[in-house]
$ cat work-v2.csv   # CSV, C-alpha atoms
chain,number,residue,atom,x,y,z
A,1076,MET,CA,-14.4,-13.4,6.5
A,1077,LYS,CA,-13.5,-11.5,9.6
A,1078,THR,CA,-10.0,-12.0,11.0
A,1079,VAL,CA,-9.5,-10.9,14.6
A,1080,TYR,CA,-6.1,-9.9,15.8
A,1081,ASP,CA,-4.6,-9.8,19.3
A,1082,THR,CA,-5.0,-6.2,20.4
A,1083,LYS,CA,-2.0,-6.3,22.8
A,1084,ALA,CA,0.5,-7.6,20.2
A,1085,THR,CA,2.8,-5.4,18.1
A,1086,TYR,CA,3.0,-5.8,14.4
A,1087,LEU,CA,5.1,-4.3,11.7
A,1088,ALA,CA,3.9,-2.3,8.7
A,1089,CYS,CA,5.7,-1.4,5.5
A,1090,PRO,CA,4.5,0.5,2.4
A,1091,ALA,CA,3.3,-2.1,-0.3
A,1092,GLN,CA,5.4,-0.3,-2.9
A,1093,CYS,CA,8.5,-1.8,-1.3
A,1094,PHE,CA,7.3,-5.3,-2.2
A,1095,CYS,CA,7.9,-6.0,-5.9
A,1096,VAL,CA,7.1,-8.9,-8.3
A,1097,ASP,CA,10.4,-10.7,-8.9
A,1098,PHE,CA,9.0,-13.3,-11.3
A,1099,GLY,CA,5.4,-13.3,-12.6
A,1100,VAL,CA,2.8,-11.4,-14.6
A,1101,TYR,CA,3.7,-7.9,-13.3
A,1102,ARG,CA,7.5,-8.4,-13.1
A,1103,GLY,CA,9.3,-5.4,-11.6
A,1104,GLU,CA,6.1,-3.8,-10.4
A,1105,SER,CA,5.2,-3.2,-6.8
A,1106,ILE,CA,1.8,-4.1,-5.3
A,1107,GLY,CA,-0.6,-1.2,-6.3
A,1108,TYR,CA,-4.0,-2.9,-6.2
A,1109,LEU,CA,-5.3,-6.2,-4.9
A,1110,ASP,CA,-6.4,-7.1,-8.4
A,1111,ASP,CA,-2.7,-7.1,-9.5
A,1112,LEU,CA,-1.9,-10.1,-7.2
A,1113,ASN,CA,-1.6,-13.4,-9.0
A,1114,LEU,CA,-1.2,-16.8,-7.3
A,1115,GLY,CA,2.2,-18.3,-8.1
A,1116,ASP,CA,4.0,-15.0,-8.6
A,1117,MET,CA,7.3,-14.6,-6.8
A,1118,TYR,CA,7.8,-11.4,-4.7
A,1119,GLN,CA,10.9,-9.8,-3.1
A,1120,MET,CA,11.2,-7.1,-0.5
A,1121,LYS,CA,13.4,-4.0,-1.4
A,1122,ARG,CA,16.5,-3.7,0.7
A,1123,ASP,CA,15.7,-0.2,2.1
A,1124,ALA,CA,12.1,-1.0,3.1
A,1125,PRO,CA,11.0,0.9,6.2
A,1126,TRP,CA,9.2,-1.1,8.8
A,1127,THR,CA,7.1,0.7,11.4
A,1128,GLU,CA,5.5,-0.7,14.5
A,1129,VAL,CA,1.7,-0.8,14.6
A,1130,MET,CA,-0.8,-2.1,17.1
A,1131,ALA,CA,-4.0,-4.0,16.5
A,1132,SER,CA,-7.0,-1.6,16.6
A,1133,ASP,CA,-8.9,-1.8,19.9
A,1134,GLU,CA,-12.1,-0.6,18.2
A,1135,ASP,CA,-13.0,-3.4,15.9
A,1136,ALA,CA,-10.0,-5.7,16.1
A,1137,THR,CA,-9.8,-6.1,12.3
A,1138,GLY,CA,-7.4,-3.2,11.6
A,1139,PHE,CA,-4.3,-1.6,12.9
A,1140,ASP,CA,-3.3,1.7,14.4
A,1141,LEU,CA,-0.2,3.6,13.4
A,1142,HIS,CA,1.0,6.2,15.9
A,1143,LEU,CA,3.0,8.7,13.9
A,1144,ALA,CA,3.7,11.3,16.6
A,1145,ALA,CA,2.4,12.2,20.0
A,1146,ASN,CA,0.6,15.3,18.7
A,1147,ALA,CA,-0.7,13.7,15.5
A,1148,PRO,CA,-3.9,11.7,15.2
A,1149,VAL,CA,-3.7,7.9,15.0
A,1150,GLN,CA,-3.6,6.6,11.4
A,1151,THR,CA,-6.0,3.6,11.0
A,1152,LEU,CA,-4.9,0.8,8.6
A,1153,THR,CA,-8.0,-1.0,7.4
A,1154,THR,CA,-7.4,-4.7,6.5
A,1155,LEU,CA,-8.4,-5.5,2.9
A,1156,ALA,CA,-6.9,-9.0,2.5
A,1157,ARG,CA,-4.7,-11.6,4.1
A,1158,LEU,CA,-1.9,-13.0,1.8
A,1159,ILE,CA,-0.2,-16.3,2.4
A,1160,PHE,CA,3.3,-16.7,1.0
A,1161,MET,CA,5.8,-19.6,1.0
A,1162,THR,CA,9.5,-19.0,0.8
A,1163,THR,CA,11.7,-21.0,-1.5
A,1164,THR,CA,13.1,-22.6,1.6
A,1165,GLY,CA,9.6,-23.8,2.7
A,1166,ARG,CA,8.8,-21.2,5.4
A,1167,ARG,CA,5.2,-19.7,5.5
A,1168,ALA,CA,4.7,-16.0,5.8
A,1169,ASP,CA,1.3,-14.4,6.5
A,1170,VAL,CA,0.9,-10.8,5.5
A,1171,CYS,CA,-2.1,-8.5,5.8
A,1172,VAL,CA,-2.7,-5.9,3.1
A,1173,THR,CA,-4.1,-2.8,4.6
A,1174,MET,CA,-5.1,0.6,3.3
A,1175,SER,CA,-4.9,4.1,4.8
A,1176,ASP,CA,-5.5,7.4,2.9
A,1177,GLY,CA,-5.4,5.6,-0.4
A,1178,HIS,CA,-2.0,3.9,0.2
A,1179,LEU,CA,-1.5,0.2,0.7
A,1180,PHE,CA,0.6,-1.2,3.5
A,1181,LEU,CA,1.8,-4.7,4.3
A,1182,VAL,CA,1.4,-5.8,8.0
A,1183,SER,CA,3.0,-8.9,9.5
A,1184,GLU,CA,4.3,-10.2,12.8
A,1185,GLN,CA,7.9,-10.1,11.6
A,1186,PRO,CA,9.5,-8.1,8.8
A,1187,LEU,CA,9.9,-9.8,5.4
A,1188,GLN,CA,13.5,-10.5,4.7
A,1189,SER,CA,15.1,-8.6,1.8
A,1190,GLY,CA,16.7,-10.9,-0.7
A,1191,ALA,CA,14.3,-13.8,0.1
A,1192,GLU,CA,11.8,-14.9,-2.5
A,1193,TYR,CA,8.2,-15.2,-1.5
A,1194,VAL,CA,5.7,-17.1,-3.6
A,1195,LEU,CA,2.0,-16.1,-3.3
A,1196,ILE,CA,0.0,-19.2,-2.6
A,1197,ASP,CA,-3.4,-17.9,-1.2
A,1198,ILE,CA,-5.4,-14.6,-1.0
A,1199,GLU,CA,-8.1,-14.3,1.6
A,1200,ARG,CA,-10.1,-11.1,1.0
A,1201,CYS,CA,-11.7,-9.4,4.0
A,1202,ASP,CA,-15.0,-7.7,4.1
A,1203,ALA,CA,-14.1,-4.0,4.1
A,1204,ASP,CA,-16.3,-2.0,6.5
A,1205,PHE,CA,-15.9,1.2,4.7
A,1206,THR,CA,-17.3,2.8,1.6
A,1207,PRO,CA,-15.0,4.8,-0.7
A,1208,TYR,CA,-16.0,8.4,-1.2
A,1209,VAL,CA,-14.9,11.3,-3.4
A,1210,VAL,CA,-13.4,14.4,-1.7
A,1211,PRO,CA,-14.1,17.4,-3.8
A,1212,ALA,CA,-11.2,19.7,-4.7
A,1213,PRO,CA,-11.4,23.3,-3.7
A,1214,ALA,CA,-13.3,25.4,-6.3
A,1215,VAL,CA,-11.0,27.4,-8.6
A,1216,VAL,CA,-12.4,30.8,-9.6
A,1217,PRO,CA,-12.0,31.2,-13.4
A,1218,GLN,CA,-10.0,34.2,-14.4
A,1219,PRO,CA,-11.0,36.1,-17.6
A,1220,VAL,CA,-8.5,35.9,-20.4
A,1221,VAL,CA,-7.1,39.4,-21.0
A,1222,GLN,CA,-4.9,40.1,-24.0
A,1223,THR,CA,-1.9,42.0,-22.9
A,1224,GLY,CA,0.4,44.0,-25.0
A,1225,SER,CA,3.5,42.2,-26.3
A,1226,ASN,CA,7.0,43.5,-26.3
A,1227,VAL,CA,7.6,41.7,-29.6
A,1228,ILE,CA,7.5,43.9,-32.7
A,1229,PRO,CA,6.6,42.1,-35.9
A,1230,LEU,CA,9.3,42.2,-38.6
A,1231,HIS,CA,8.2,42.9,-42.2
A,1232,ALA,CA,10.6,42.0,-44.9
A,1233,HIS,CA,10.3,43.7,-48.3
A,1234,GLY,CA,12.1,42.8,-51.3

$ encode --input "work-v2.csv" --output "structure tokens"
Amino acid sequence: MKTVYDTKATYLACPAQCFCVDFGVYRGESIGYLDDLNLGDMYQMKRDAPWTEVMASDEDATGFDLHLAANAPVQTLTTLARLIFMTTTGRRADVCVTMSDGHLFLVSEQPLQSGAEYVLIDIERCDADFTPYVVPAPAVVPQPVVQTGSNVIPLHAHG
């Protein structure tokens, strides 16, 4: 399924680690993987959650762009899934789970309220247009093991 967003609208993004399971299978844990999400679990936003403005991506209209600074490149948030929550007061909240540089973010039109309880009622996975790849670590030149002299003198007890 391909969801298209309004490219002129402004959305809000927050790290997924700020959204924790209040009641459910992974109680006390934040969203780390999409496979950890369970329908019927109750979630709550942390009080100090930072929300940042993002824009819908102009390129493919399925992701979001995060402008960190004027001299920094635009960070692209790729949409992985759309989550539908219902509050205990009956309000619906739609949230997109996005990924950038291995970190999950939640994107919504309005920030989720801290202290409110959100029950997950539906998960709509998106077709990710990227393939994960492994970035090799810089090669470390092995150093030969050299025995160095020790300043410890062995003590021999006689008697």

$ atom_distance --input "work-v2.csv" --atom1 "atom CA of Glu1199 of chain A" --atom2 "atom CA of Phe1180 of chain A"
15.8 Å

$ closest_residue --input "work-v2.csv" --among "A:Ala1191, A:Asn1113, A:Leu1152, A:Arg1122" --to "Thr1164 of chain A" --atoms "only C-alpha atoms"
A:Ala1191

$ residues_around --input "work-v2.csv" --residues "segment 1094-1106 of chain A" --least-positions-apart "5" --cutoff "10 Å" --atoms "all atoms listed in the file" --output "CSV table (one decimal) with C-alpha atoms, keeping the file's coordinate frame"
chain,number,residue,atom,x,y,z
A,1089,CYS,CA,5.7,-1.4,5.5
A,1111,ASP,CA,-2.7,-7.1,-9.5
A,1112,LEU,CA,-1.9,-10.1,-7.2
A,1113,ASN,CA,-1.6,-13.4,-9.0
A,1114,LEU,CA,-1.2,-16.8,-7.3
A,1115,GLY,CA,2.2,-18.3,-8.1
A,1116,ASP,CA,4.0,-15.0,-8.6
A,1117,MET,CA,7.3,-14.6,-6.8
A,1118,TYR,CA,7.8,-11.4,-4.7
A,1119,GLN,CA,10.9,-9.8,-3.1
A,1120,MET,CA,11.2,-7.1,-0.5
A,1121,LYS,CA,13.4,-4.0,-1.4
A,1122,ARG,CA,16.5,-3.7,0.7
A,1124,ALA,CA,12.1,-1.0,3.1
A,1172,VAL,CA,-2.7,-5.9,3.1
A,1179,LEU,CA,-1.5,0.2,0.7
A,1180,PHE,CA,0.6,-1.2,3.5
A,1181,LEU,CA,1.8,-4.7,4.3
A,1187,LEU,CA,9.9,-9.8,5.4
A,1189,SER,CA,15.1,-8.6,1.8
A,1192,GLU,CA,11.8,-14.9,-2.5
A,1193,TYR,CA,8.2,-15.2,-1.5
A,1194,VAL,CA,5.7,-17.1,-3.6

$ closest_residue --input "work-v2.csv" --among "A:Asp1123, A:Phe1139, A:His1233, A:Thr1153" --to "Gly1190 of chain A" --atoms "all atoms listed in the file"
A:Asp1123

$ atom_distance --input "work-v2.csv" --atom1 "atom CA of Leu1158 of chain A" --atom2 "atom CA of Gly1107 of chain A"
14.4 Å

$ closest_residue --input "work-v2.csv" --among "A:Asp1110, A:Arg1166, A:Gln1092, A:Val1129" --to "Glu1184 of chain A" --atoms "all atoms listed in the file"
A:Val1129
